[in-house]
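What follows is a single structure, written as structure tokens, with notes after it.
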Amino acid sequence: MSPQPQAAVGAPLSRVDGRLKVTGQALYAAEHDVEGALHAVIVDSGIGRGRITSVDADAALAHPGVLRVISHRNAPELPYLDNPGSNNPQGRRLRVFQDDKVLFHGQPVAVVIATTLEAAQHGASLVKVGYDAKKPSTDMAKANPDEPTRYARGDAAAGLRDAAVRMDLDYRMARNHQNPMEPHATIARWKGDKLTVWDKTQWVVGTQTELSTVFDLPMKSVRVISPFVGGGFGSGLRCWPHTVVAALAAREMKRPVKVVLTRRQMYFGTGFRPSYGYRLRLGSDRRGRLTAMVHEMDAETSSYEKFEEAIMRAGQMFYSTPNVSQAYRKVPLDVNTPLYMRGPGFANASFAIESAMDELANRLGVDPIELRLRNEPPEDESNGLPWSTRKLRECYTVGAREFGWDRRNPKPRSTRDGDWLIGLGMAAAVYDPGRFPAQARVRLDADGTAVAEAATIDMGPGTYTSQTQVAADALGLTMRNVTFRLGDSLYPPTPPHGGSMTMTVVGSAVLDGCNKVRGQAIKLAVEDEQSPLYGVKAEDIVVRNGRLHVQDNPARGETYQRLLSRNRLTHLEAVGAYAGAPEPARHSYFSYGAVFTEVGVDATLGLVRVRRMLGVYDVGRIVSPKLADSQALGGMVGGIGQALLEHTVTDHRDGRIVNANLADYLVPVNADIPHLKAIYLEGEDPDADPLGVKGIGEVVQVGVAAAIANAVYNATGRRIRELPITAEALI
Ligand code: MOS
């Protein structure tokens, strides 16, 4: 078949669902009107570790409207079968109301079900839970880590010993919470032994498998619906206990039940980016070429599950180093289990590695970009594979030129603007996008419109729009004549909406399905004696605006409508697939970027203000430039939060999160955000996937914190190795 003309892909279109969103017609999890739904409010543990000795529900049950209080004392036993292939980390997942153990502060210990939300809320405040409390262990510095996961190549000890320059650096990164705008919520409804949930999730198939294993139901007996998701940043990549509570309560009550987490409950109910300690030792020759890197990483996990993320990968592939050794230790604490948060693993690793490169550049008196260029690896040294595309040099060149890097004075504390010390900093970014199998169903109707559907999600990046763009071009239809549907487990399965993979894997499946349908139509035409295209070679035909025609002779052709109706066909249909990353891998495939920033630091007050930021990205083909910008700028905002503001604080006396709200947990607001700009390097990555896309959503947060820390150093001469960078650290 001829390559289709591209009209929608690459065009800066607005969201196809934008109008629904701004007019309130887009329904989020808690907003679905499920008839007869009761309200449930979770009672969470007031201790950080121990046992429940009593649950007194009398006062709650006496309150008008309260129908039931469920706790471990009266909850039915749940099967909780193993769920391999989910995002549940290795371990034994929290089993709601199955025993008297309290594993962390805020764990669900009971649920109050009532006819109104107000009655359920008040009822929850009346439940008296007695505890036998133990002192929880929540301080990583005072806890015992597990055996490390290790990686090594060469001889790092010898490499360090023989290095001309050695550095030994300790970085710390605070715990962060995803804080999506929409709270997590679930409405559960049973009909016989069939369960339907309306849920905030980044993975309907994941929630479906979790509920099917928790309740021991066939997959087809569980349906998960999630058409709109108001942000996730990773918090929806796993099915959480409150979803099980909703399903359990609905089954007990024989009525639908709605559970909405409060903002406070989301701090211990939906995971978080773990706190890290990252010791990095590096050695180099006099020219700054790395001879050895030793990475020792400590990260929080819970006492019951071993959460792991890709913290090691960057240290293995990013810079050319013959000798690398890594140890990644999980530190079990009395906390709920962490989960991925934007740029998972890489956003933390890059803070250490990219700060350290800046420190090395400063020590050697080499420009930080030049130092990076001297360590640019010709191939992936962790596996010997060639890069698919790696345009980092171009990211540096374009970024330096556009940002005015030559105006940077390498001498710290040399530039002032009134009370503000001005500094410029940069850092590189990398992310390893996922590539898992996905499917999509495509149907072209005889009226010349088409529907594509897949069980993916749109948590904000614009899946509805970008997938419609892919389908429209592949079918030769206008955007208006194509509808993309998502967020329902009845649609063909897709992997999690995360890990920068949706455009790649769902897009490739949609493309495949559309190509198949277009192929069917072309075949029908060339074999149909009544078609003007009869006898034409299939590969000479393209479709534009719903009309098939000979590529070099647009006059010869006919519309889908004519073709299908003459052949008495109501529709053509196909299931498209993306098979996942090629096995064995032929290329090493990553998204890249370079982040440049200018900060002002008020040396008296310790205030840091980001004054401008530029990201230059090598992420393959850009399907939807306007939405790519919203991803990139949003990622920078997230990075500014990680760098300067975000910090979940725990009171180690009882394991309570002190700042479990958006007044005390700081995230950037408009006044914190200066002019941000993103540039995407031209071109696609033909080895990455059929669409040539590498994925943008995660890499855009990576490197931001290091770029800011490096700029703060350039401004002040103070090297801050701990996130967030606070005023206290700078005065
Ligand atoms: Mo992203 S942390 O995989 O939602």
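All residue names refer to the structure tokens as shown: chains lettered A, B, ... in order, residues numbered from 1 in each chain, ligands numbered from 1 in order.
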**Asked** Neighbours of A:Gly418 within 12 Å (only C-alpha atoms; same-chain residues fewer than 4 positions away dropped), as a ChimeraX atom specification?
**Response** /A:422,600-604
**Message:** Taking only stretch 74-302 of chain A into account, list the residues labelled strand (DSSP E) by DSSP (computed from the backbone), as a VMD selection string.
**Reply:** chain A and resid 90 to 91 101 to 102 108 to 114 128 to 133 149 to 153 165 to 173 185 to 191 194 to 199 222 to 225 257 to 260 276 to 284 290 to 302
**Item:** Nearby residues (only C-alpha atoms) at most 8 Å from stretch 623-628 of chain A, same-chain spacing under 3 positions excluded, as a count of residues only
**Value:** 16
**Request:** Kindly provide, as a ChimeraX atom specification, all nucleotide and amino acid residues lying within 10 Å of ligand 1, counting only C-alpha atoms and all ligand atoms.
**Result:** /A:178,202-203,231-237,272-273,339-345,433-434,459,496-502,697-698
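Distances to A:Gln701 were evaluated for A:Leu730, A:Asn375, A:Thr209, A:Gly634 using only C-alpha atoms, and the minimum falls at A:Gly634.
Note that the spacing between atom CA of A:Val616 and atom CA of A:Tyr680 amounts to 5.9 Å.
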**Residues near A:Tyr491, cut-off 10 Å, only C-alpha atoms, skip fewer than 2 positions along chain, as a list in words** =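 That gives Val204, Val205, Gln439, Ala440, Arg441, Ala452, Glu453, Ala454, Ala455, Thr456, Arg485, Leu486, Gly487, Asp488, Ser489, Pro493 and Thr494 of chain A.
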**Request:** Enumerate as a VMD selection string all residues of stretch 261-300 of chain A assigned to alpha helix (DSSP H) by DSSP on the backbone, naming them with the chain letters and numbers the document uses.
**Result:** chain A and resid 263 to 269
Find the residues near A:Arg93: any atom within 9 Å, counting only C-alpha atoms, skip ones fewer than 3 places away on the same chain, and give them as a tab-separated table (two decimals) with N, CA and C atoms, in the first residue's frame.
chain	number	residue	atom	x	y	z
A	80	TYR	N	-8.10	-13.12	47.57
A	80	TYR	CA	-6.79	-12.51	47.32
A	80	TYR	C	-5.81	-13.48	46.65
A	88	ASN	N	1.66	-4.85	41.09
A	88	ASN	CA	1.88	-5.12	42.51
A	88	ASN	C	3.32	-5.57	42.69
A	89	PRO	N	4.08	-4.89	43.56
A	89	PRO	CA	5.46	-5.33	43.77
A	89	PRO	C	5.49	-6.70	44.43
A	90	GLN	N	6.67	-7.30	44.41
A	90	GLN	CA	6.86	-8.58	45.07
A	90	GLN	C	6.52	-8.42	46.55
A	304	TYR	N	5.64	-4.73	53.68
A	304	TYR	CA	4.94	-5.89	53.11
A	304	TYR	C	5.16	-6.07	51.61
A	305	GLU	N	5.71	-5.06	50.92
A	305	GLU	CA	5.99	-5.21	49.49
A	305	GLU	C	7.32	-4.52	49.17
A	337	THR	N	2.96	1.17	50.49
A	337	THR	CA	3.92	0.88	49.43
A	337	THR	C	4.02	2.05	48.45
**Asked** Any idea what the distance is between atom CA of A:His242 and atom CA of A:His647?
**Response**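 Value for the atom CA of A:His242-atom CA of A:His647 distance: 24.2 Å.
Atom to atom, atom CA of A:Ser630 and atom CA of A:Gly230 stand 14.4 Å apart.
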**Prompt:** What's the 8 Å shell around stretch 380-392 of chain A, counting only C-alpha atoms, without same-chain residues fewer than 4 positions away, as number ranges by chain?
**Reply:** A: 153, 316-318, 320-321, 396, 586-594, 618, 685-688
